[in-house]
$ cat run-v6.cif   # mmCIF, C-alpha atoms
data_structure
#
loop_
_atom_site.label_atom_id
_atom_site.label_comp_id
_atom_site.auth_asym_id
_atom_site.auth_seq_id
_atom_site.Cartn_x
_atom_site.Cartn_y
_atom_site.Cartn_z
CA MET A 1 31.04 -41.69 93.43
CA PRO A 2 33.69 -43.61 91.48
CA GLN A 3 35.47 -40.37 90.57
CA LEU A 4 36.34 -39.70 94.21
CA ASP A 5 37.61 -43.18 94.93
CA PHE A 6 41.21 -42.07 95.09
CA GLY A 7 42.39 -45.46 96.28
CA ASN A 8 41.70 -46.81 92.83
CA PRO A 9 45.02 -47.15 90.96
CA LEU A 10 43.15 -46.71 87.68
CA LEU A 11 42.42 -43.13 88.71
CA ILE A 12 46.11 -42.36 89.05
CA ALA A 13 46.86 -44.18 85.81
CA GLN A 14 44.25 -41.97 84.18
CA ILE A 15 46.21 -38.86 85.15
CA VAL A 16 49.40 -40.29 83.67
CA TRP A 17 47.62 -41.27 80.49
CA LEU A 18 46.01 -37.85 80.33
CA LEU A 19 49.40 -36.14 80.55
CA ILE A 20 50.82 -38.37 77.83
CA ILE A 21 47.82 -38.03 75.54
CA PHE A 22 47.37 -34.31 76.06
CA GLY A 23 51.08 -33.84 75.47
CA LEU A 24 50.74 -35.79 72.26
CA LEU A 25 47.78 -33.63 71.20
CA TYR A 26 49.72 -30.45 71.96
CA TYR A 27 52.73 -31.71 70.01
CA VAL A 28 50.70 -32.70 66.97
CA MET A 29 48.69 -29.49 67.02
CA SER A 30 51.62 -27.13 67.46
CA THR A 31 53.99 -28.81 64.99
CA TYR A 32 51.76 -30.17 62.24
CA ALA A 33 48.10 -29.29 62.43
CA LEU A 34 47.97 -25.61 63.30
CA PRO A 35 50.80 -24.45 60.99
CA ARG A 36 48.90 -26.19 58.22
CA VAL A 37 45.72 -24.25 58.95
CA GLU A 38 47.75 -21.07 59.28
CA SER A 39 49.41 -21.58 55.90
CA VAL A 40 46.06 -22.16 54.20
CA LEU A 41 44.55 -19.09 55.82
CA GLU A 42 47.63 -17.06 54.95
CA GLU A 43 47.43 -18.25 51.35
CA ARG A 44 43.81 -17.19 51.18
CA ARG A 45 44.56 -13.82 52.72
CA ALA A 46 47.37 -13.25 50.22
CA ARG A 47 45.13 -14.33 47.36
CA ILE A 48 42.36 -12.00 48.43
CA ALA A 49 44.80 -9.14 48.88
CA ALA A 50 46.28 -9.80 45.44
CA ASP A 51 42.83 -9.94 43.88
CA LEU A 52 41.88 -6.72 45.58
CA ALA A 53 45.08 -5.08 44.38
CA ALA A 54 44.41 -6.31 40.84
CA ALA A 55 40.88 -4.97 41.00
CA GLN A 56 42.19 -1.66 42.26
CA ALA A 57 44.74 -1.52 39.46
CA ALA A 58 42.06 -2.34 36.90
CA LYS A 59 39.85 0.37 38.32
CA ALA A 60 42.70 2.88 38.19
CA GLU A 61 43.38 1.90 34.61
CA ALA A 62 39.72 2.29 33.71
CA ASP A 63 39.67 5.65 35.44
CA SER A 64 42.72 6.86 33.56
CA ALA A 65 41.26 5.58 30.28
CA MET A 66 38.07 7.44 31.07
CA ALA A 67 40.03 10.59 31.86
CA ALA A 68 42.01 10.23 28.62
CA HIS A 69 38.80 9.76 26.70
CA ARG A 70 37.31 12.83 28.34
CA ASP A 71 40.45 14.83 27.58
CA ALA A 72 40.43 13.69 23.97
CA THR A 73 36.78 14.64 23.65
CA ALA A 74 37.40 18.03 25.17
CA LYS A 75 40.40 18.57 22.92
CA ALA A 76 38.49 17.52 19.83
CA ARG A 77 35.66 19.82 20.76
CA ALA A 78 38.05 22.71 21.32
CA GLU A 79 39.74 22.03 17.99
CA ALA A 80 36.43 21.86 16.22
CA GLN A 81 35.36 25.10 17.86
CA SER A 82 38.56 26.85 16.91
CA SER A 83 38.42 25.60 13.34
CA ILE A 84 34.81 26.73 13.12
CA ALA A 85 35.81 30.09 14.49
CA SER A 86 38.71 30.45 12.08
CA ALA A 87 36.57 29.37 9.14
CA MET A 88 33.97 31.87 10.18
CA GLN A 89 36.59 34.56 10.53
CA GLN A 90 38.03 33.74 7.14
CA ALA A 91 34.61 33.81 5.59
CA GLN A 92 33.90 37.10 7.28
CA ALA A 93 37.20 38.53 6.13
CA GLU A 94 36.54 37.35 2.60
CA ALA A 95 33.09 38.78 2.64
CA ALA A 96 34.41 42.04 4.01
CA ALA A 97 37.14 42.16 1.35
CA ARG A 98 34.66 41.44 -1.38
CA GLY A 99 32.32 44.06 -0.05
CA GLU A 100 35.12 46.57 0.08
CA GLU A 101 36.17 45.78 -3.44
CA LEU A 102 32.62 46.16 -4.59
CA ASN A 103 32.39 49.43 -2.72
CA LYS A 104 35.58 50.62 -4.32
CA ARG A 105 34.43 49.69 -7.77
CA LEU A 106 31.10 51.31 -7.20
CA SER A 107 32.66 54.46 -5.86
CA ARG A 108 35.08 54.51 -8.76
CA GLN A 109 32.22 54.16 -11.17
CA ILE A 110 30.36 56.85 -9.35
CA GLU A 111 33.41 59.08 -9.53
CA GLU A 112 33.83 58.38 -13.19
CA ALA A 113 30.22 59.10 -13.76
CA GLU A 114 30.52 62.31 -11.80
CA GLN A 115 33.55 63.27 -13.80
CA ARG A 116 31.70 62.55 -17.00
CA ILE A 117 28.76 64.55 -15.78
CA GLY A 118 31.07 67.41 -14.74
CA ALA A 119 32.80 67.32 -18.12
CA ALA A 120 29.46 67.28 -19.88
CA ARG A 121 28.24 70.17 -17.78
CA ASP A 122 31.46 72.12 -18.37
CA ALA A 123 31.15 71.46 -22.05
CA ALA A 124 27.56 72.51 -21.90
CA MET A 125 28.48 75.59 -19.95
CA GLY A 126 31.26 76.42 -22.40
CA ALA A 127 28.85 76.00 -25.28
CA LEU A 128 26.29 78.17 -23.52
CA ARG A 129 28.81 81.00 -23.16
CA GLN A 130 29.72 80.72 -26.79
CA VAL A 131 26.08 80.73 -27.81
CA SER A 132 25.27 83.64 -25.47
CA LEU A 133 28.25 85.57 -26.70
CA GLU A 134 27.42 85.06 -30.31
CA THR A 135 23.78 85.79 -29.73
CA ALA A 136 24.60 88.91 -27.75
CA GLU A 137 27.11 90.00 -30.46
CA SER A 138 24.70 89.51 -33.26
CA LEU A 139 21.96 91.20 -31.26
CA VAL A 140 24.16 94.14 -30.35
CA ALA A 141 25.40 94.30 -33.97
CA LYS A 142 21.89 94.46 -35.23
CA VAL A 143 20.77 97.04 -32.70
CA ALA A 144 23.81 99.19 -32.37
CA GLY A 145 25.93 98.07 -35.29
CA GLY A 146 29.16 96.58 -34.18
CA ALA A 147 30.15 96.00 -30.66
CA ASP A 148 33.14 95.99 -28.40
CA ARG A 149 34.01 92.36 -28.12
CA GLY A 150 35.86 92.75 -24.80
CA ARG A 151 33.02 94.47 -22.93
CA LEU A 152 30.50 92.00 -24.36
CA GLU A 153 32.50 89.02 -23.06
CA ALA A 154 32.70 90.55 -19.58
CA ALA A 155 28.98 91.22 -19.50
CA VAL A 156 28.12 87.70 -20.59
CA ASP A 157 30.44 86.22 -17.98
CA ARG A 158 28.87 88.43 -15.32
CA ALA A 159 25.40 87.39 -16.31
CA LEU A 160 26.36 83.65 -16.33
CA ALA A 161 28.09 83.87 -13.01
CA ALA A 162 25.08 85.62 -11.51
CA ARG A 163 22.87 82.86 -12.81
CA ALA A 164 25.17 80.02 -11.76
CA GLY A 165 25.46 81.54 -8.28
CA MET B 1 25.29 -47.88 93.57
CA ALA B 2 25.19 -51.42 92.33
CA ALA B 3 23.05 -52.03 89.26
CA GLU B 4 21.03 -54.89 90.57
CA GLY B 5 17.62 -55.45 89.10
CA LYS B 6 15.46 -52.42 88.55
CA THR B 7 17.15 -49.76 90.62
CA ILE B 8 18.43 -46.41 89.56
CA ASP B 9 22.19 -46.58 89.06
CA ALA B 10 23.24 -43.11 87.92
CA LEU B 11 26.89 -43.28 88.95
CA GLY B 12 27.93 -46.65 87.55
CA GLN B 13 28.56 -44.95 84.22
CA PHE B 14 31.58 -43.19 85.72
CA GLU B 15 33.24 -46.44 86.80
CA LEU B 16 36.64 -47.04 85.24
CA THR B 17 37.14 -50.43 83.64
CA PRO B 18 40.38 -51.57 82.06
CA VAL B 19 40.23 -52.42 78.39
CA LEU B 20 42.63 -54.26 76.05
CA GLY B 21 42.78 -57.30 78.31
CA LYS B 22 45.75 -58.07 80.53
CA LEU B 23 48.10 -55.62 78.88
CA GLY B 24 45.59 -52.84 79.30
CA ALA B 25 45.02 -53.70 82.93
CA SER B 26 48.73 -53.74 83.65
CA VAL B 27 49.26 -50.20 82.38
CA GLY B 28 45.92 -48.89 83.67
CA PHE B 29 44.54 -48.45 80.17
CA THR B 30 40.85 -47.83 80.80
CA GLN B 31 37.92 -46.89 78.61
CA SER B 32 38.58 -43.32 79.74
CA THR B 33 42.06 -43.47 78.23
CA ALA B 34 40.62 -44.97 75.08
CA HIS B 35 38.19 -42.07 74.81
CA MET B 36 41.00 -39.57 75.29
CA LEU B 37 42.84 -41.21 72.41
CA LEU B 38 39.64 -41.14 70.40
CA ALA B 39 39.23 -37.43 71.07
CA VAL B 40 42.84 -36.72 70.09
CA GLY B 41 42.39 -38.83 66.96
CA ALA B 42 39.19 -37.01 66.06
CA ILE B 43 40.75 -33.58 66.58
CA THR B 44 43.82 -34.50 64.56
CA ALA B 45 41.67 -36.01 61.84
CA LEU B 46 39.47 -32.93 61.72
CA VAL B 47 42.37 -30.56 61.31
CA MET B 48 44.72 -32.67 59.19
CA TRP B 49 42.11 -34.31 56.99
CA GLY B 50 39.95 -31.20 56.86
CA MET B 51 42.85 -29.08 55.66
CA ALA B 52 44.27 -31.78 53.38
CA ARG B 53 42.78 -30.22 50.24
CA ARG B 54 44.04 -26.76 51.16
CA ALA B 55 41.13 -25.32 49.21
CA VAL B 56 40.82 -21.58 48.79
CA VAL B 57 37.06 -22.00 49.02
CA PRO B 58 36.72 -24.41 51.94
CA GLY B 59 34.46 -27.44 52.02
CA ARG B 60 32.42 -28.44 55.04
CA LEU B 61 35.13 -30.16 57.06
CA GLN B 62 37.69 -27.50 56.22
CA SER B 63 35.22 -24.81 57.28
CA VAL B 64 34.84 -26.48 60.66
CA ALA B 65 38.60 -26.74 61.09
CA GLU B 66 39.13 -23.12 60.04
CA ALA B 67 36.25 -21.86 62.14
CA SER B 68 37.60 -23.52 65.29
CA TYR B 69 41.07 -22.23 64.48
CA GLU B 70 39.88 -18.67 64.01
CA PHE B 71 37.54 -18.87 66.98
CA ILE B 72 40.31 -19.83 69.39
CA GLN B 73 42.80 -17.51 67.75
CA GLY B 74 40.38 -14.62 68.20
CA LEU B 75 39.88 -15.64 71.80
CA CYS B 76 43.63 -15.71 72.44
CA LEU B 77 44.38 -12.43 70.73
CA ASN B 78 41.44 -10.60 72.26
CA GLN B 79 42.02 -11.81 75.78
CA ILE B 80 45.81 -11.98 76.01
CA GLY B 81 46.87 -9.47 73.39
CA ASP B 82 49.72 -9.94 70.93
CA GLU B 83 51.50 -12.33 73.29
CA GLY B 84 48.50 -14.63 72.84
CA LYS B 85 50.09 -16.01 69.66
CA LYS B 86 52.59 -18.00 71.73
CA PHE B 87 49.88 -19.64 73.81
CA PHE B 88 47.50 -20.27 70.94
CA PRO B 89 48.49 -23.93 70.29
CA PHE B 90 48.08 -24.69 73.98
CA VAL B 91 44.68 -23.02 74.30
CA PHE B 92 43.55 -24.62 71.05
CA SER B 93 44.59 -28.09 72.24
CA LEU B 94 42.92 -27.51 75.58
CA PHE B 95 39.66 -26.27 74.10
CA MET B 96 39.42 -28.99 71.49
CA PHE B 97 40.36 -31.71 73.99
CA VAL B 98 37.68 -30.64 76.46
CA LEU B 99 35.11 -30.01 73.74
CA PHE B 100 35.64 -33.37 72.07
CA GLY B 101 35.70 -35.10 75.46
CA ASN B 102 32.35 -33.54 76.30
CA LEU B 103 30.80 -34.22 72.91
CA ILE B 104 32.05 -37.79 72.52
CA GLY B 105 30.75 -38.46 76.02
CA LEU B 106 27.24 -37.63 74.84
CA LEU B 107 27.23 -40.50 72.33
CA PRO B 108 25.52 -43.71 73.43
CA PHE B 109 27.85 -46.20 75.20
CA ALA B 110 30.60 -43.61 75.27
CA PHE B 111 32.56 -42.52 78.31
CA THR B 112 33.00 -38.89 79.36
CA PHE B 113 36.54 -38.42 80.62
CA THR B 114 35.80 -34.81 81.54
CA SER B 115 33.40 -36.10 84.18
CA HIS B 116 36.41 -37.28 86.20
CA ILE B 117 37.69 -34.73 88.67
CA VAL B 118 41.25 -36.04 88.39
CA VAL B 119 41.21 -35.36 84.65
CA THR B 120 39.78 -31.85 84.93
CA PHE B 121 42.00 -31.10 87.89
CA ALA B 122 45.07 -32.29 86.03
CA LEU B 123 44.17 -30.04 83.10
CA ALA B 124 43.52 -27.12 85.45
CA THR B 125 46.84 -27.79 87.16
CA ILE B 126 48.64 -27.69 83.83
CA VAL B 127 47.01 -24.31 83.21
CA PHE B 128 47.87 -23.11 86.72
CA LEU B 129 51.49 -24.17 86.44
CA LEU B 130 51.81 -22.66 82.99
CA VAL B 131 50.33 -19.37 84.17
CA THR B 132 52.58 -19.22 87.20
CA ILE B 133 55.71 -20.12 85.25
CA VAL B 134 54.91 -17.58 82.54
CA ALA B 135 54.28 -14.87 85.13
CA LEU B 136 57.51 -15.66 86.97
CA SER B 137 59.61 -15.82 83.82
CA ILE B 138 58.27 -12.52 82.52
CA HIS B 139 58.10 -10.49 85.70
CA GLY B 140 60.49 -12.28 88.09
CA THR B 141 59.91 -11.36 91.70
CA LYS B 142 57.68 -8.47 90.65
CA PHE B 143 55.07 -11.16 90.09
CA PHE B 144 54.47 -11.28 93.85
CA GLY B 145 53.23 -7.70 93.67
CA TYR B 146 50.22 -9.27 92.02
CA PHE B 147 48.97 -10.28 95.44
CA PHE B 148 48.98 -6.73 96.71
CA PRO B 149 47.44 -4.25 94.27
CA GLU B 150 49.32 -0.99 93.92
CA GLY B 151 47.72 1.97 95.69
CA ALA B 152 45.92 -0.14 98.25
CA PRO B 153 46.37 1.11 101.81
CA LYS B 154 49.27 -0.63 103.57
CA ALA B 155 47.15 -1.24 106.65
CA LEU B 156 44.95 -3.57 104.65
CA ALA B 157 47.86 -5.77 103.59
CA PRO B 158 47.19 -8.51 106.16
CA LEU B 159 43.68 -8.76 104.77
CA ILE B 160 44.30 -8.31 101.05
CA ILE B 161 47.29 -10.58 100.63
CA PRO B 162 45.65 -13.73 102.01
CA ILE B 163 42.50 -13.05 99.99
CA GLU B 164 44.45 -12.58 96.77
CA LEU B 165 46.56 -15.62 97.53
CA ILE B 166 43.54 -17.78 98.17
CA SER B 167 41.76 -16.55 95.09
CA TYR B 168 44.88 -17.29 93.05
CA LEU B 169 45.30 -20.76 94.49
CA SER B 170 41.62 -21.57 94.14
CA ARG B 171 41.76 -21.04 90.38
CA PRO B 172 42.60 -24.64 89.48
CA VAL B 173 39.93 -25.84 91.91
CA SER B 174 37.16 -23.68 90.48
CA LEU B 175 38.31 -24.37 86.92
CA SER B 176 38.27 -28.14 87.39
CA VAL B 177 35.21 -28.43 89.61
CA ARG B 178 33.11 -26.33 87.23
CA LEU B 179 33.74 -28.65 84.30
CA PHE B 180 33.57 -31.83 86.34
CA ALA B 181 30.33 -30.87 88.10
CA ASN B 182 28.62 -29.79 84.90
CA MET B 183 29.48 -33.01 83.15
CA VAL B 184 28.55 -35.23 86.07
CA ALA B 185 25.26 -33.45 86.67
CA GLY B 186 24.26 -33.64 83.04
CA HIS B 187 25.10 -37.31 82.70
CA VAL B 188 23.44 -38.23 85.97
CA MET B 189 20.25 -36.49 84.89
CA LEU B 190 20.27 -38.19 81.51
CA LYS B 191 20.83 -41.53 83.18
CA VAL B 192 18.12 -41.01 85.76
CA PHE B 193 15.50 -40.06 83.21
CA ALA B 194 16.59 -42.85 80.93
CA THR B 195 16.12 -45.29 83.80
CA PHE B 196 12.64 -43.86 84.39
CA VAL B 197 11.81 -44.60 80.79
CA VAL B 198 12.90 -48.22 81.19
CA LEU B 199 11.20 -48.72 84.56
CA MET B 200 7.88 -47.16 83.48
CA GLY B 201 7.94 -48.75 80.08
CA SER B 202 8.03 -52.21 81.64
CA ALA B 203 4.90 -51.46 83.70
CA GLY B 204 2.30 -52.06 81.03
CA VAL B 205 0.25 -49.74 78.82
CA LEU B 206 -0.21 -47.00 81.39
CA GLY B 207 3.47 -47.01 82.15
CA PHE B 208 4.17 -46.82 78.44
CA LEU B 209 2.31 -43.52 78.31
CA GLY B 210 4.01 -42.32 81.45
CA ALA B 211 7.42 -43.17 80.03
CA SER B 212 6.96 -40.65 77.22
CA LEU B 213 7.40 -37.77 79.63
CA PRO B 214 10.96 -38.59 80.81
CA LEU B 215 11.80 -39.57 77.23
CA ALA B 216 10.73 -36.14 76.00
CA LEU B 217 12.66 -34.59 78.84
CA ASN B 218 15.77 -36.53 77.82
CA VAL B 219 15.45 -35.29 74.25
CA VAL B 220 15.42 -31.74 75.54
CA LEU B 221 18.25 -32.51 77.93
CA ILE B 222 20.47 -33.82 75.16
CA GLY B 223 20.12 -30.52 73.37
CA PHE B 224 20.89 -28.72 76.56
CA GLU B 225 23.88 -30.98 77.21
CA LEU B 226 25.25 -30.20 73.76
CA LEU B 227 25.12 -26.54 74.70
CA VAL B 228 26.77 -27.24 78.05
CA ALA B 229 29.45 -29.33 76.37
CA PHE B 230 30.41 -26.42 74.16
CA LEU B 231 29.93 -23.80 76.83
CA GLN B 232 32.12 -25.54 79.38
CA ALA B 233 34.90 -26.03 76.89
CA TYR B 234 34.60 -22.36 76.00
CA VAL B 235 34.63 -21.32 79.66
CA PHE B 236 37.69 -23.47 80.28
CA ALA B 237 39.48 -21.89 77.34
CA ILE B 238 38.48 -18.31 78.06
CA LEU B 239 39.42 -18.57 81.74
CA THR B 240 42.78 -19.97 80.70
CA CYS B 241 43.19 -16.96 78.42
CA ILE B 242 42.20 -14.56 81.18
CA TYR B 243 44.69 -16.15 83.58
CA LEU B 244 47.37 -15.97 80.90
CA HIS B 245 46.53 -12.31 80.36
CA ASP B 246 47.02 -11.69 84.07
CA ALA B 247 50.30 -13.56 83.93
CA VAL B 248 51.56 -11.58 80.94
CA HIS B 249 50.34 -8.15 82.00
CA LEU B 250 49.95 -8.45 85.81
CA HIS B 251 46.52 -6.79 86.04
#

$ encode --input "run-v6.cif" --output "structure tokens"
Amino acid sequence: MPQLDFGNPLLIAQIVWLLIIFGLLYYVMSTYALPRVESVLEERRARIAADLAAAQAAKAEADSAMAAHRDATAKARAEAQSSIASAMQQAQAEAAARGEELNKRLSRQIEEAEQRIGAARDAAMGALRQVSLETAESLVAKVAGGADRGRLEAAVDRALAARAG
Amino acid sequence: MAAEGKTIDALGQFELTPVLGKLGASVGFTQSTAHMLLAVGAITALVMWGMARRAVVPGRLQSVAEASYEFIQGLCLNQIGDEGKKFFPFVFSLFMFVLFGNLIGLLPFAFTFTSHIVVTFALATIVFLLVTIVALSIHGTKFFGYFFPEGAPKALAPLIIPIELISYLSRPVSLSVRLFANMVAGHVMLKVFATFVVLMGSAGVLGFLGASLPLALNVVLIGFELLVAFLQAYVFAILTCIYLHDAVHLH
């Protein structure tokens, strides 16, 4: 086996060369090659992190915009509702006022009418007394010849009151 | 072992021959050394050239460079812990060196420097020395408590201490022999079956048919050897990490 032929000076030279060459590899790797890879990987990591952060920020912004939109919608709806309610209330109040006014006018007219009726009835009643009195006077005058005006009036009033009662 | 005529010479492939003429011979510059330089060049090219564009979305070469970086970094951090960062360049160099040595060795006409016990043993010795120095510099003399686990009965000390000591000292041996033996066995098998193909193929039509069997076997073996090449590099790296973990944390 040539590998175990330790008398061969080439074998020893191989060890020396190995140490030199491996040392060279280690030097190149640790000072130039690996830091280069590290920097590229680091750059990528930073880039990805930045992109993720940007995406997160964009999402947050979208979320807040959505929330604002929802708030605005809710506010608009509430405003609309309240304005509807107030309009309705106003309309109701107006209607109520108009109805009241109408009621008042109607009741006033009714009152007036009642007053007129009362006046007419009073007038009629007054006229009835006069007619009854005169009739009774003339009747009594014809039957008995002259009459006591005072007693006649009292009798007529009594008779009218009895009838009105 | 001599390759004379039609005999099976499975070990001649491990022979060291000086290259670069007289100058090469005078400094012991062999094809093994050349392949080490090739491996270092390939690793450096992969990382430096692969990362040259510094693309955020990596291309193929950059993906390979980044994947190997992250693979070894994960190995270091998982096995050693946060202190693994310090040892990462070393473990990375070690892993890539062994991996490229194994893989380049599978190419036709190439030489596998990891099939030389002196190379693997030298690498394992570097690991062993590093582990010991790290343990001593972190824990001082407390490091020697490593050889006698706390809570073990004192009466067993004469038994436990030698066992622990031997197991500690045998680390570089097992580390180096594992890699060396795997590489040698794989390459010997490939060579033997390849020789069968040549020997049978030269024996006429019948032999031509017979040669297809070892050829098919070699095709399968190459796939297997690719797996072994990666696996052995991985084992070398992960054992280094485990030893470093022991050195940093003492059990």

$ resolve_selection --input "run-v6.cif" --expression "the PyMOL selection byres ((chain A) within 10 of (chain B))" --output "count of residues only"
44

$ closest_residue --input "run-v6.cif" --among "B:Ile138, B:Met183, B:Leu20, B:Ile72" --to "Leu227 of chain B" --atoms "only C-alpha atoms"
B:Met183

$ closest_residue --input "run-v6.cif" --among "B:Val19, B:Ala247, B:Leu156, B:Ile8" --to "Ile133 of chain B" --atoms "all atoms listed in the file"
B:Ala247

$ residues_around --input "run-v6.cif" --residues "segment 114-129 of chain A" --least-positions-apart "4" --cutoff "10 Å" --atoms "only C-alpha atoms" --output "mmCIF file with C-alpha atoms, keeping the file's coordinate frame"
data_model
loop_
_atom_site.group_PDB
_atom_site.id
_atom_site.type_symbol
_atom_site.label_atom_id
_atom_site.label_comp_id
_atom_site.auth_asym_id
_atom_site.auth_seq_id
_atom_site.Cartn_x
_atom_site.Cartn_y
_atom_site.Cartn_z
ATOM 1 C CA ARG A 108 35.080 54.510 -8.760
ATOM 2 C CA GLN A 109 32.220 54.160 -11.170
ATOM 3 C CA ILE A 110 30.360 56.850 -9.350
ATOM 4 C CA LEU A 133 28.250 85.570 -26.700
ATOM 5 C CA GLU A 134 27.420 85.060 -30.310
ATOM 6 C CA THR A 135 23.780 85.790 -29.730
ATOM 7 C CA GLU A 153 32.500 89.020 -23.060
ATOM 8 C CA VAL A 156 28.120 87.700 -20.590
ATOM 9 C CA ASP A 157 30.440 86.220 -17.980
ATOM 10 C CA ALA A 159 25.400 87.390 -16.310
ATOM 11 C CA LEU A 160 26.360 83.650 -16.330
ATOM 12 C CA ALA A 164 25.170 80.020 -11.760
#

$ resolve_selection --input "run-v6.cif" --expression "the PyMOL selection byres ((chain B and resi 209-226) around 8)" --output "list of chain:residue names"
B:Leu103, B:Leu106, B:Gly186, B:Leu190, B:Phe193, B:Ala194, B:Phe196, B:Val197, B:Val198, B:Met200, B:Gly201, B:Val205, B:Leu206, B:Gly207, B:Phe208, B:Leu227, B:Val228, B:Ala229, B:Phe230

$ atom_distance --input "run-v6.cif" --atom1 "atom CA of Gln73 of chain B" --atom2 "atom CA of Leu129 of chain B"
21.7 Å

$ atom_distance --input "run-v6.cif" --atom1 "atom CA of Cys241 of chain B" --atom2 "atom CA of Glu150 of chain B"
23.1 Å

$ atom_distance --input "run-v6.cif" --atom1 "atom CA of Asp71 of chain A" --atom2 "atom CA of Ser86 of chain A"
22.1 Å

$ axis_aligned_box --input "run-v6.cif" --around "segment 80-98 of chain A" --padding-each-side "6 Å" --output "lines of an AutoDock Vina configuration file"
center_x = 35.9
center_y = 32.0
center_z = 8.2
size_x = 17.6
size_y = 32.3
size_z = 31.2

$ resolve_selection --input "run-v6.cif" --expression "the PyMOL selection byres ((chain B and resi 149) around 12)" --output "PDB file with C-alpha atoms, in the frame of the given file"
ATOM      1  CA  LYS B 142      57.680  -8.470  90.650  1.00  0.00           C
ATOM      2  CA  PHE B 143      55.070 -11.160  90.090  1.00  0.00           C
ATOM      3  CA  PHE B 144      54.470 -11.280  93.850  1.00  0.00           C
ATOM      4  CA  GLY B 145      53.230  -7.700  93.670  1.00  0.00           C
ATOM      5  CA  TYR B 146      50.220  -9.270  92.020  1.00  0.00           C
ATOM      6  CA  PHE B 147      48.970 -10.280  95.440  1.00  0.00           C
ATOM      7  CA  PHE B 148      48.980  -6.730  96.710  1.00  0.00           C
ATOM      8  CA  GLU B 150      49.320  -0.990  93.920  1.00  0.00           C
ATOM      9  CA  GLY B 151      47.720   1.970  95.690  1.00  0.00           C
ATOM     10  CA  ALA B 152      45.920  -0.140  98.250  1.00  0.00           C
ATOM     11  CA  PRO B 153      46.370   1.110 101.810  1.00  0.00           C
ATOM     12  CA  LYS B 154      49.270  -0.630 103.570  1.00  0.00           C
ATOM     13  CA  LEU B 156      44.950  -3.570 104.650  1.00  0.00           C
ATOM     14  CA  ALA B 157      47.860  -5.770 103.590  1.00  0.00           C
ATOM     15  CA  ILE B 160      44.300  -8.310 101.050  1.00  0.00           C
ATOM     16  CA  ILE B 161      47.290 -10.580 100.630  1.00  0.00           C
ATOM     17  CA  ILE B 163      42.500 -13.050  99.990  1.00  0.00           C
ATOM     18  CA  GLU B 164      44.450 -12.580  96.770  1.00  0.00           C
ATOM     19  CA  LEU B 165      46.560 -15.620  97.530  1.00  0.00           C
ATOM     20  CA  LEU B 250      49.950  -8.450  85.810  1.00  0.00           C
ATOM     21  CA  HIS B 251      46.520  -6.790  86.040  1.00  0.00           C
TER      22      HIS B 251
END

$ decode --input "run-v6.cif" --residues "segment 83-108 of chain A" --atoms "C-alpha atoms" --output "CSV table (one decimal), in the first residue's frame"
chain,number,residue,atom,x,y,z
A,83,SER,CA,-82.5,63.8,11.0
A,84,ILE,CA,-85.3,61.5,10.0
A,85,ALA,CA,-86.4,61.3,13.6
A,86,SER,CA,-86.3,65.1,14.0
A,87,ALA,CA,-88.1,65.6,10.7
A,88,MET,CA,-90.7,63.1,11.8
A,89,GLN,CA,-91.0,64.8,15.1
A,90,GLN,CA,-91.4,68.2,13.5
A,91,ALA,CA,-94.0,66.9,11.1
A,92,GLN,CA,-95.8,65.3,14.0
A,93,ALA,CA,-95.7,68.5,16.0
A,94,GLU,CA,-96.9,70.4,13.1
A,95,ALA,CA,-99.7,68.0,12.5
A,96,ALA,CA,-100.6,68.1,16.1
A,97,ALA,CA,-100.6,71.9,16.2
A,98,ARG,CA,-102.7,72.0,13.1
A,99,GLY,CA,-105.1,69.5,14.5
A,100,GLU,CA,-105.3,71.5,17.7
A,101,GLU,CA,-106.0,74.7,15.9
A,102,LEU,CA,-108.7,73.0,13.9
A,103,ASN,CA,-110.1,71.6,17.1
A,104,LYS,CA,-110.1,75.1,18.6
A,105,ARG,CA,-111.7,76.7,15.6
A,106,LEU,CA,-114.3,73.9,15.5
A,107,SER,CA,-115.0,74.2,19.2
A,108,ARG,CA,-115.2,78.0,18.9
